[in-house]
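A.B. asks: Pasting in a structure now, in structure tokens, and then I'll have a few things to ask.
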Amino acid sequence: MTVPKGIHGGLSDFNIQHGFVEGLVRGMRSSFLQDSDYHHLTQCENLDDVRLNLTESDYAEVLVDSNTLNPSDLQTVSIQKLVTEFKYLRSQAVEPLSTFLDFISYEYMIENIMLLLKGALSGRDINELMAQCHPLGMFKDSTMRSIPTFEPNAKGFADLYQTVLVDTPVGPYFAMFLQESSDKASGEVRNVIEEVEIEIIKSSLIKYWIEDFHQFVEKLGGDTAVIMGEILKVRADTNAINITLNSFGTPLNEPGMRTSDRKRLYPACGHLYPAGTSMLSDVADEDELGRVLELFPQYSGIWNVHASGTGEKSIDDAFYERDVQMLELAFESQMHFGVFYAYVKLKEQEIRNLVWISECILQQQKEEINKFVPVFSFHAPWRSKKKN
Amino acid sequence: MSKWFRSEPMEYISLIVNEDAAHSCLADLGKLGVIQFTDLNPDLTPFQRRFVSYVKRCDELERKLRFFGHECDKFNLELLSGDIDNFLEQPMSPDQSGSKLLESLEAELEGYENQLKELNTYSEKLTIEYNEKVELQEVLEKARRFFMTDAPRLAVSELTTGGAGGKGASDGRREGLLAGEEEHGRDLDMRFSSITGVVSTEEKSRFERMIFRATRGNCFVRFAPIKQPITDPQSGELVEKSVFIVFYKSVSIENKLKKICDAFSAHRYSLPDMDDAPAVDRMLTENAQELVDSRTVLLKNQDTRFRLCQMLSQHCEKWTWLVLREKAIYHSLNMFKADVSGMLRGEGWVIEEALPECKDAVMRAHADMDLAMPSLVDQVPKPWPTPPTHFTTNKFTYGYQEFVNTYGIPRYREANPALFTAATFPFLFGVMYGDIGHGTFLFAGGLYMLYNEKANDKARLGEMAAGMHAGRYMIAMMGFFAVYAGFIYNDMFSLGLNLFKSRYIFDGQDNEAVEEGDEAYPVANYGDAETVYPFGLDPVWHVSSNELLFFNSFKMKLSVILGITQMFAGTCLKGINALYFNEKYDFFFEFLPMVAFASSLFIYMVVLIFMKWTINWNSRMLAATCLDPDDEGWGSADYQEVVDGLKGVWKVCDQNGDGTCTPWGYSCSGYDDTADKCPLNFGGSGDGCQPPNLITTLINIALQPGNVDEPMYYGQAHIQNILLAVAFISVPVLLLVKPYLLSRDMKKAHETHHHGDEDEDEGEEHGFGEILIHQAIETIEFVLGMVSNTASYLRLWALSLAHSELATVFWDKAMVSTLGVNFFATYIGFGIFAGTTFGVLLMMDVLECFLHALRLHWVEFQNKFFKADGIRFTPYSFSQIIKDSVEAS
């Protein structure tokens, strides 16, 4: 992962190495559904209509062979489409862009591992679990199948790392997690429930991933460091806030665990780090969390959405909205790698929207149907606000 | 040809058809392929339309057909492809169309699909069973061999190590593995448990590594590859697999190993006790029997599937076409609007000529149905929307029409540049590429493609080959004109051809006494028919020292003449368009000033070039030369008629100057200037007896009006002044008159129609500014364009020069320089010559000349008249739809 300094990101040679791939991704940008498409989709009476509407869009090809449509099928095929596109980009990319693209897929690998572990805890069938895994983070079939065969305790995880995960790109994160927990735990018996344990592992792995990714991006320098760095910082902050919020009412919120365990899950980058995260580690309930976030203007707005509690929007929606806004901006400047991350995330948002719309249609929840965050929309709140 | 000059006239018709007969109507119309329907329900989304359910059913059928196609692919069965025209010619009986056809097709295909799916499921199941048998067989055999051959050796080595304390270095590895166990538990009955199974070879090393890690090295793994690849039941692909056998000691390891086996989807097979040889043998024979049985069943299943697919492959294409046709019909019906009860109304463009056919088709469809309600096909009252452009092309004109369409579709009924391009494009290419040798190759290539025309029409070609096939006539013509221009330049691989015997001779050329620097003389006097080389240029120029000067002068002049002719033709087409569309202003105040401007400066230049070529300068210059009447040059036949009355008769003067006279009898003083000596009286310093420098002459028309230094005819200065004045006057006319007249017309129209509508007023003033700006752009483009485009045509000369120079270099450096060395050098030299000639001249230069000829047409020629804002006529035609889908697949 060593990257020679200054070989990319400059006006002079970016296009020589990454121009084609960037051109591709900018071409793919035009495949996003437009406001009129969303409008038509929300007018649909049943899922066949949805399918008919999508035949005018880029999704036509992947839907052509499915004779009946349901939201989960739609999700599968559209994610598959995204993955095909991503793999094509990846196959065209050269260093350091190829590593950058790999970093994007690591997140999905972590999620898949966690999904498998969690599934194994509740004793679900491995084939069923593998069907649920995100295709972007797939390992070899045999690796995937080996993961849930280990016991969910400290020794099992160590074995899991040594036997299976050491071969995978996310192995180092797992090693860091094991190292840290053995440093800390050293014989002390943990009394957290296993489900929570899994969540903690996931949060730590994601934290290591964000930190590693951020470091990599910083090393790349140039516009990539500025734009992608900002995206990752916000990502880190979002994680920190969510971890805190979700810990309320779990053992993690116990005074003893706050600094020892919860604080360790906050990524060591982002706008909240270090002052914000150290304050977050003392937070005990939502009011205190709100008071901390009050100090950070970029998050106070989002927190207010949650605190107002009208139920119209969840804090997740607010974060999504903010993400979409930021990711769209990544497309506004050139010669950086942020667009690739932005493309994947925005497409994911679009797929979420499609699934939401089709779910609403399926369950006849017409009044809820407009609660999605359109991508590159002219009616987006941040655009319409300006107009007014 | 007149049909190709202007696009087909179009009619905008509306047709009202009975809902029941609509389908057969459209089936007939789609066969004709002469009508383009307008969408009358643009505000309806696809799923709100009338016949959407039928379209959906067609989609479903298409999906099934694609499934069949995939299945046939698995058996490498080619889909039987028929002839599209034959398919369309088949009459459709009423029960074979519409929803009935869809229903029967649906039922039929559904049946086949289920049958195929069922067979596939069986096949999967049977393959799994069969694989198990095969694998078990392999495992048994491999294990037996292992225990028979390897295990005794292990045991022996065990004994020897135990007994002799570590001798036998060749068995070191096995010793290391087993020694530890053996020392501790030697007396115990040392038996290892083992797991046997089959894993895919691809995963072998990962599998081994995983086992090693999981057991921390406490086990012994052996692999043996299975020679025959095994079919994967789901994908049907062949997979290489290996038998493995793992020895281990403890139960916990066994659990781990089992898990790993599951993860790698390695099948485990339990073995009988290997020491019990009869049991193993029995199991082997039993299994072999079962294997044969399941193989038979599997083959039978495969055979059934193959037959079904074979049958499907025969019909698949026909079905696909049927479905495409039905889908196209319903798509078009979706554009219709519901009229009064039970009637559908559609609108669309139809080729005027085909209107009766359309009417017939609709009538016939209704007559067949025996319906009381009359149908109606009628013109829609004007105004019509902009009509689309359609040209009926044939295989020759198709390529050239596409060539023009790539730039822009001609406006409806405007002059079609393709007609002229068909002749001028290959010609201008030839001017640039002129070489007999290279041209012959190109021509032969073109002829070869024409020879293979029929085969290529049917074959599925790659993108590149298809493009060449579409332009086959163009390539052949380009080759032909390259040969033609090559003959004119007398240039073959940069060498001249002495086809008609040169009209120049060197003194002593018959006894090889010519040296460098010698002069060649014409074979006869100037003006004799004998001195004229019959066709093209005299080959003597290729050996003359002023070769380049001569060719450059010739080719430059040729380029300018061809260029101005083509541009002027383009300007004339503008006039013809103006007349055709009855645009008086365009004709009088745009076309005529343009013609005046172009003629007065540019056509005049061409006239001067020709004039300079036709004047006998030998004679004229001799007329102004002082000669001694006693010399032998006196009385030369070169002196011919210069002015009326001086009929080439030599006239001796009074010789009161320096003793010399001009041929017409002027007595020279030794200090006379040309004007004095010249019998002509055209003015300037040359006075008509000196060949002018045309470039200076042309520049001075504008820079020094009224002053011609070296005139060619009487009153040249005067005439040039008039021409200059015409050119100057034509520019403001071009710029101002049309906008003025247009705005006056608008005002008039405004006054007569509505009074005092202030909003309209503003709009019009805005309009006038726009018109003026538009006109200014057009004027500037034309005036500047005439100059720069003329210069642009010099590329004809430049490319031709580049071509001949490259050919010269290749010939000189690769061939000539190696010819004298030895045979091997010549061998290599010819290789280089042939390679560079092919790569550079036959490939790159063809492309380059093609590109430049293309540019000359698209820019220099077409910008004079071509609007290129037409809409392409895309008729509703079955054959087109089917062709497109065949190409796309």
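By convention here, the chains of the structure tokens are called A, B, ... in the order presented, each chain's residues are numbered starting at 1, and ligands are numbered starting at 1 in the order presented.
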Extract the full set of alpha helix (DSSP H) residues from range 79-202 of chain A according to DSSP on the backbone, and format it as an NGL selection string.

C.D. replies: :A and (79-92 or 97-121 or 126-132 or 141-146 or 154-163 or 171-185 or 194-202)

A.B. asks: Please report as a short mmCIF file (atom, residue, chain, number, x, y, z; two decimals) with all heavy atoms, in the first residue's frame which residues of chain A come no farther than 10 Å from chain B, using only C-alpha atoms.

C.D. replies:
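Produced file selection-v1.cif, reproduced below:
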```
data_model
loop_
_atom_site.label_atom_id
_atom_site.label_comp_id
_atom_site.auth_asym_id
_atom_site.auth_seq_id
_atom_site.Cartn_x
_atom_site.Cartn_y
_atom_site.Cartn_z
N HIS A 40 -42.83 9.56 -11.51
CA HIS A 40 -43.59 8.48 -12.13
C HIS A 40 -43.67 7.27 -11.19
O HIS A 40 -44.71 6.64 -11.08
CB HIS A 40 -42.96 8.06 -13.44
CG HIS A 40 -43.19 9.05 -14.55
ND1 HIS A 40 -44.42 9.57 -14.81
CD2 HIS A 40 -42.35 9.61 -15.44
CE1 HIS A 40 -44.35 10.40 -15.81
NE2 HIS A 40 -43.08 10.45 -16.22
N CYS A 44 -47.08 4.97 -9.20
CA CYS A 44 -47.43 3.61 -9.60
C CYS A 44 -48.44 2.98 -8.65
O CYS A 44 -48.43 3.24 -7.46
CB CYS A 44 -46.18 2.73 -9.63
SG CYS A 44 -45.10 3.18 -10.96
N GLU A 45 -49.26 2.11 -9.24
CA GLU A 45 -50.29 1.44 -8.44
C GLU A 45 -49.80 0.09 -7.94
O GLU A 45 -50.19 -0.37 -6.89
CB GLU A 45 -51.55 1.23 -9.28
CG GLU A 45 -52.29 2.52 -9.62
CD GLU A 45 -52.82 3.23 -8.39
OE1 GLU A 45 -53.14 2.54 -7.41
OE2 GLU A 45 -52.90 4.47 -8.42
N ASP A 48 -45.77 -4.08 -10.94
CA ASP A 48 -45.57 -4.24 -12.38
C ASP A 48 -45.39 -2.88 -13.04
O ASP A 48 -44.60 -2.72 -13.97
CB ASP A 48 -46.77 -4.96 -13.00
CG ASP A 48 -46.53 -6.45 -13.05
OD1 ASP A 48 -45.38 -6.85 -12.77
OD2 ASP A 48 -47.48 -7.19 -13.35
N ASP A 49 -46.12 -1.90 -12.53
CA ASP A 49 -45.97 -0.55 -13.05
C ASP A 49 -44.57 -0.03 -12.77
O ASP A 49 -43.96 0.63 -13.60
CB ASP A 49 -47.01 0.38 -12.41
CG ASP A 49 -48.40 0.05 -12.88
OD1 ASP A 49 -48.50 -0.77 -13.82
OD2 ASP A 49 -49.37 0.60 -12.32
N VAL A 50 -44.09 -0.34 -11.58
CA VAL A 50 -42.74 0.09 -11.22
C VAL A 50 -41.75 -0.49 -12.22
O VAL A 50 -40.88 0.20 -12.74
CB VAL A 50 -42.37 -0.38 -9.79
CG1 VAL A 50 -40.91 -0.12 -9.51
CG2 VAL A 50 -43.24 0.31 -8.77
N ARG A 51 -41.95 -1.74 -12.52
CA ARG A 51 -41.04 -2.39 -13.44
C ARG A 51 -41.12 -1.75 -14.82
O ARG A 51 -40.11 -1.48 -15.46
CB ARG A 51 -41.39 -3.87 -13.54
CG ARG A 51 -40.31 -4.66 -14.24
CD ARG A 51 -40.55 -6.11 -14.01
NE ARG A 51 -41.38 -6.60 -15.09
CZ ARG A 51 -41.02 -7.64 -15.85
NH1 ARG A 51 -39.89 -8.24 -15.60
NH2 ARG A 51 -41.80 -8.05 -16.80
N LEU A 52 -42.33 -1.47 -15.23
CA LEU A 52 -42.53 -0.86 -16.53
C LEU A 52 -41.84 0.50 -16.60
O LEU A 52 -41.25 0.89 -17.60
CB LEU A 52 -44.02 -0.72 -16.78
CG LEU A 52 -44.46 -0.84 -18.23
CD1 LEU A 52 -44.01 -2.16 -18.79
CD2 LEU A 52 -45.96 -0.70 -18.29
N ASN A 53 -41.95 1.22 -15.48
CA ASN A 53 -41.32 2.53 -15.45
C ASN A 53 -39.81 2.42 -15.51
O ASN A 53 -39.15 3.25 -16.13
CB ASN A 53 -41.71 3.27 -14.17
CG ASN A 53 -42.77 4.28 -14.46
OD1 ASN A 53 -42.65 5.04 -15.40
ND2 ASN A 53 -43.81 4.28 -13.65
N THR A 55 -38.19 0.30 -17.05
CA THR A 55 -37.67 -0.12 -18.35
C THR A 55 -37.15 1.07 -19.14
O THR A 55 -36.43 0.90 -20.11
CB THR A 55 -38.75 -0.83 -19.19
OG1 THR A 55 -39.91 -0.01 -19.20
CG2 THR A 55 -39.05 -2.18 -18.64
N GLU A 56 -37.57 2.27 -18.76
CA GLU A 56 -37.05 3.45 -19.45
C GLU A 56 -35.71 3.88 -18.87
O GLU A 56 -35.09 4.80 -19.37
CB GLU A 56 -38.03 4.62 -19.29
CG GLU A 56 -39.44 4.29 -19.69
CD GLU A 56 -39.66 4.47 -21.18
OE1 GLU A 56 -39.49 5.60 -21.67
OE2 GLU A 56 -39.99 3.48 -21.84
N VAL A 64 -34.92 -7.32 -17.03
CA VAL A 64 -35.62 -7.88 -18.17
C VAL A 64 -35.92 -9.38 -17.99
O VAL A 64 -36.92 -9.87 -18.49
CB VAL A 64 -34.81 -7.60 -19.45
CG1 VAL A 64 -33.66 -8.56 -19.62
CG2 VAL A 64 -35.71 -7.63 -20.66
N ASP A 65 -35.08 -10.06 -17.24
CA ASP A 65 -35.30 -11.49 -17.13
C ASP A 65 -36.05 -11.92 -15.87
O ASP A 65 -36.24 -13.11 -15.65
CB ASP A 65 -33.97 -12.25 -17.20
CG ASP A 65 -33.59 -12.50 -18.64
OD1 ASP A 65 -34.52 -12.48 -19.47
OD2 ASP A 65 -32.41 -12.70 -18.92
N SER A 66 -36.44 -10.97 -15.04
CA SER A 66 -37.20 -11.36 -13.85
C SER A 66 -38.68 -11.23 -14.17
O SER A 66 -39.15 -10.17 -14.57
CB SER A 66 -36.82 -10.45 -12.68
OG SER A 66 -37.09 -9.13 -13.02
N ASN A 67 -39.42 -12.31 -14.01
CA ASN A 67 -40.82 -12.21 -14.44
C ASN A 67 -41.73 -11.61 -13.38
O ASN A 67 -42.71 -11.00 -13.70
CB ASN A 67 -41.34 -13.56 -14.95
CG ASN A 67 -40.81 -14.70 -14.13
OD1 ASN A 67 -40.12 -14.47 -13.15
ND2 ASN A 67 -41.14 -15.92 -14.51
N ILE A 126 -26.30 -21.31 6.69
CA ILE A 126 -25.20 -20.56 6.08
C ILE A 126 -25.56 -20.09 4.67
O ILE A 126 -25.26 -18.96 4.28
CB ILE A 126 -23.91 -21.40 6.09
CG1 ILE A 126 -22.79 -20.74 5.28
CG2 ILE A 126 -24.13 -22.79 5.56
CD1 ILE A 126 -22.22 -19.55 5.92
N LYS A 140 -13.98 -15.66 -1.13
CA LYS A 140 -14.19 -16.95 -1.79
C LYS A 140 -15.24 -17.73 -1.01
O LYS A 140 -15.37 -17.59 0.20
CB LYS A 140 -12.89 -17.75 -1.80
CG LYS A 140 -11.98 -17.30 -2.89
CD LYS A 140 -11.19 -18.49 -3.39
CE LYS A 140 -10.58 -18.15 -4.71
NZ LYS A 140 -10.57 -19.06 -5.71
N ASP A 141 -15.95 -18.55 -1.76
CA ASP A 141 -17.03 -19.32 -1.18
C ASP A 141 -16.60 -20.06 0.09
O ASP A 141 -17.26 -20.01 1.12
CB ASP A 141 -17.50 -20.32 -2.22
CG ASP A 141 -18.98 -20.57 -2.10
OD1 ASP A 141 -19.68 -19.59 -1.77
OD2 ASP A 141 -19.40 -21.71 -2.30
N SER A 142 -15.45 -20.72 -0.01
CA SER A 142 -15.01 -21.55 1.12
C SER A 142 -14.67 -20.69 2.33
O SER A 142 -14.94 -21.07 3.47
CB SER A 142 -13.81 -22.38 0.69
OG SER A 142 -12.86 -21.58 0.07
N THR A 143 -14.09 -19.51 2.09
CA THR A 143 -13.79 -18.61 3.20
C THR A 143 -15.07 -18.19 3.91
O THR A 143 -15.15 -18.20 5.14
CB THR A 143 -13.05 -17.37 2.67
OG1 THR A 143 -12.03 -17.79 1.80
CG2 THR A 143 -12.50 -16.54 3.79
N MET A 144 -16.08 -17.82 3.09
CA MET A 144 -17.33 -17.38 3.68
C MET A 144 -17.92 -18.49 4.54
O MET A 144 -18.44 -18.25 5.62
CB MET A 144 -18.34 -17.04 2.59
CG MET A 144 -17.91 -15.99 1.63
SD MET A 144 -17.97 -14.35 2.32
CE MET A 144 -19.66 -13.96 2.13
N ARG A 145 -17.83 -19.71 4.04
CA ARG A 145 -18.45 -20.81 4.77
C ARG A 145 -17.68 -21.16 6.04
O ARG A 145 -18.27 -21.67 7.00
CB ARG A 145 -18.52 -22.05 3.86
CG ARG A 145 -19.63 -21.96 2.87
CD ARG A 145 -19.56 -23.09 1.88
NE ARG A 145 -20.48 -22.87 0.80
CZ ARG A 145 -21.78 -23.13 0.87
NH1 ARG A 145 -22.27 -23.64 1.97
NH2 ARG A 145 -22.57 -22.90 -0.15
N SER A 146 -16.38 -20.86 6.04
CA SER A 146 -15.63 -21.19 7.25
C SER A 146 -15.90 -20.22 8.39
O SER A 146 -15.76 -20.59 9.55
CB SER A 146 -14.12 -21.19 6.99
OG SER A 146 -13.83 -21.49 5.68
N ILE A 147 -16.24 -18.99 8.05
CA ILE A 147 -16.33 -17.97 9.09
C ILE A 147 -17.26 -18.35 10.24
O ILE A 147 -16.86 -18.31 11.41
CB ILE A 147 -16.72 -16.61 8.49
CG1 ILE A 147 -15.55 -16.10 7.64
CG2 ILE A 147 -17.06 -15.59 9.57
CD1 ILE A 147 -15.86 -14.90 6.83
N PRO A 148 -18.50 -18.78 9.97
CA PRO A 148 -19.39 -19.03 11.12
C PRO A 148 -19.08 -20.33 11.86
O PRO A 148 -19.80 -20.67 12.79
CB PRO A 148 -20.78 -19.08 10.49
CG PRO A 148 -20.58 -19.21 9.05
CD PRO A 148 -19.17 -19.01 8.70
N THR A 149 -18.04 -21.07 11.48
CA THR A 149 -17.80 -22.34 12.16
C THR A 149 -17.03 -22.16 13.46
O THR A 149 -16.78 -23.13 14.16
CB THR A 149 -17.00 -23.28 11.25
OG1 THR A 149 -15.75 -22.66 10.95
CG2 THR A 149 -17.72 -23.59 9.97
N PHE A 150 -16.63 -20.94 13.79
CA PHE A 150 -15.85 -20.75 15.01
C PHE A 150 -16.74 -20.32 16.16
O PHE A 150 -17.79 -19.73 15.94
CB PHE A 150 -14.75 -19.71 14.77
CG PHE A 150 -13.74 -20.20 13.79
CD1 PHE A 150 -13.91 -19.95 12.44
CD2 PHE A 150 -12.66 -20.94 14.21
CE1 PHE A 150 -13.00 -20.42 11.52
CE2 PHE A 150 -11.74 -21.42 13.29
CZ PHE A 150 -11.91 -21.16 11.96
N ASP A 159 -8.92 -17.87 16.82
CA ASP A 159 -8.80 -18.94 15.83
C ASP A 159 -9.30 -18.48 14.47
O ASP A 159 -8.69 -18.76 13.43
CB ASP A 159 -9.63 -20.15 16.27
CG ASP A 159 -8.88 -20.98 17.30
OD1 ASP A 159 -7.67 -20.71 17.46
OD2 ASP A 159 -9.49 -21.87 17.91
N LEU A 160 -10.41 -17.79 14.50
CA LEU A 160 -11.01 -17.29 13.27
C LEU A 160 -10.00 -16.44 12.51
O LEU A 160 -9.81 -16.58 11.31
CB LEU A 160 -12.25 -16.45 13.61
CG LEU A 160 -12.88 -15.69 12.45
CD1 LEU A 160 -13.39 -16.64 11.39
CD2 LEU A 160 -14.01 -14.81 12.95
N GLN A 162 -6.69 -16.46 12.89
CA GLN A 162 -5.50 -17.20 12.48
C GLN A 162 -5.78 -18.18 11.34
O GLN A 162 -4.91 -18.44 10.51
CB GLN A 162 -4.92 -17.97 13.67
CG GLN A 162 -4.05 -17.07 14.52
CD GLN A 162 -3.81 -17.65 15.88
OE1 GLN A 162 -4.16 -18.79 16.13
NE2 GLN A 162 -3.23 -16.85 16.74
N THR A 163 -6.96 -18.73 11.30
CA THR A 163 -7.23 -19.73 10.29
C THR A 163 -7.75 -19.10 9.00
O THR A 163 -7.34 -19.47 7.92
CB THR A 163 -8.29 -20.73 10.78
OG1 THR A 163 -8.30 -20.68 12.19
CG2 THR A 163 -7.99 -22.10 10.31
N VAL A 164 -8.66 -18.16 9.17
CA VAL A 164 -9.39 -17.71 7.98
C VAL A 164 -9.04 -16.27 7.60
O VAL A 164 -8.57 -15.99 6.51
CB VAL A 164 -10.91 -17.82 8.21
CG1 VAL A 164 -11.66 -17.37 6.99
CG2 VAL A 164 -11.27 -19.24 8.59
N ASP A 167 -5.96 -14.36 5.76
CA ASP A 167 -5.80 -14.33 4.31
C ASP A 167 -6.53 -13.18 3.65
O ASP A 167 -6.33 -12.90 2.48
CB ASP A 167 -6.34 -15.64 3.70
CG ASP A 167 -5.26 -16.68 3.62
OD1 ASP A 167 -4.10 -16.32 3.82
OD2 ASP A 167 -5.60 -17.86 3.34
#
```

A.B. asks: For CA of Gly831 in chain B and CA of Ile488 in chain B, determine how far apart the two atoms are, in Å to one decimal place.

C.D. replies: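 CA of Gly831 in chain B sits 28.9 Å away from CA of Ile488 in chain B.
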
A.B. asks: To one decimal place, how far is CA of Tyr112 in chain B from CA of Glu317 in chain B in Å?

C.D. replies: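 Interatomic distance here is 15.1 Å.
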
A.B. asks: Please provide the set of residues having any atom within 12 Å of Lys202 in chain A, restricted to only C-alpha atoms, with same-chain residues fewer than 4 positions apart removed, written as a ChimeraX atom specification.

C.D. replies: /A:107-118,170,173-174,177,195-198,206-209,239,243,265

A.B. asks: Generate a file of the selected residues that holds C-alpha atoms, formatted as a CSV table (one decimal), in the first residue's frame.

C.D. replies:
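Once written, part.csv looks like this:
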```csv
chain,number,residue,atom,x,y,z
A,107,GLU,CA,-16.3,-1.9,4.4
A,108,TYR,CA,-18.7,-4.4,2.8
A,109,MET,CA,-16.3,-7.2,3.7
A,110,ILE,CA,-16.4,-6.2,7.4
A,111,GLU,CA,-20.2,-6.1,7.2
A,112,ASN,CA,-20.4,-9.5,5.6
A,113,ILE,CA,-18.1,-11.0,8.3
A,114,MET,CA,-20.3,-9.6,11.0
A,115,LEU,CA,-23.4,-10.7,9.3
A,116,LEU,CA,-22.1,-14.2,9.2
A,117,LEU,CA,-21.0,-14.2,12.8
A,118,LYS,CA,-24.3,-12.8,14.0
A,170,VAL,CA,-9.5,-7.0,6.4
A,173,TYR,CA,-8.2,-4.8,11.3
A,174,PHE,CA,-9.3,-7.9,13.0
A,177,PHE,CA,-9.1,-5.7,17.5
A,195,GLU,CA,-25.1,-9.9,20.4
A,196,VAL,CA,-23.7,-6.7,21.8
A,197,GLU,CA,-20.3,-8.1,21.5
A,198,ILE,CA,-20.7,-8.6,17.8
A,206,ILE,CA,-15.2,-0.1,11.0
A,207,LYS,CA,-13.3,2.4,13.2
A,208,TYR,CA,-10.0,0.8,12.1
A,209,TRP,CA,-11.1,0.8,8.6
A,239,ASN,CA,-20.3,6.7,13.5
A,243,ILE,CA,-22.5,4.6,18.6
A,265,LEU,CA,-15.0,2.7,19.4
```
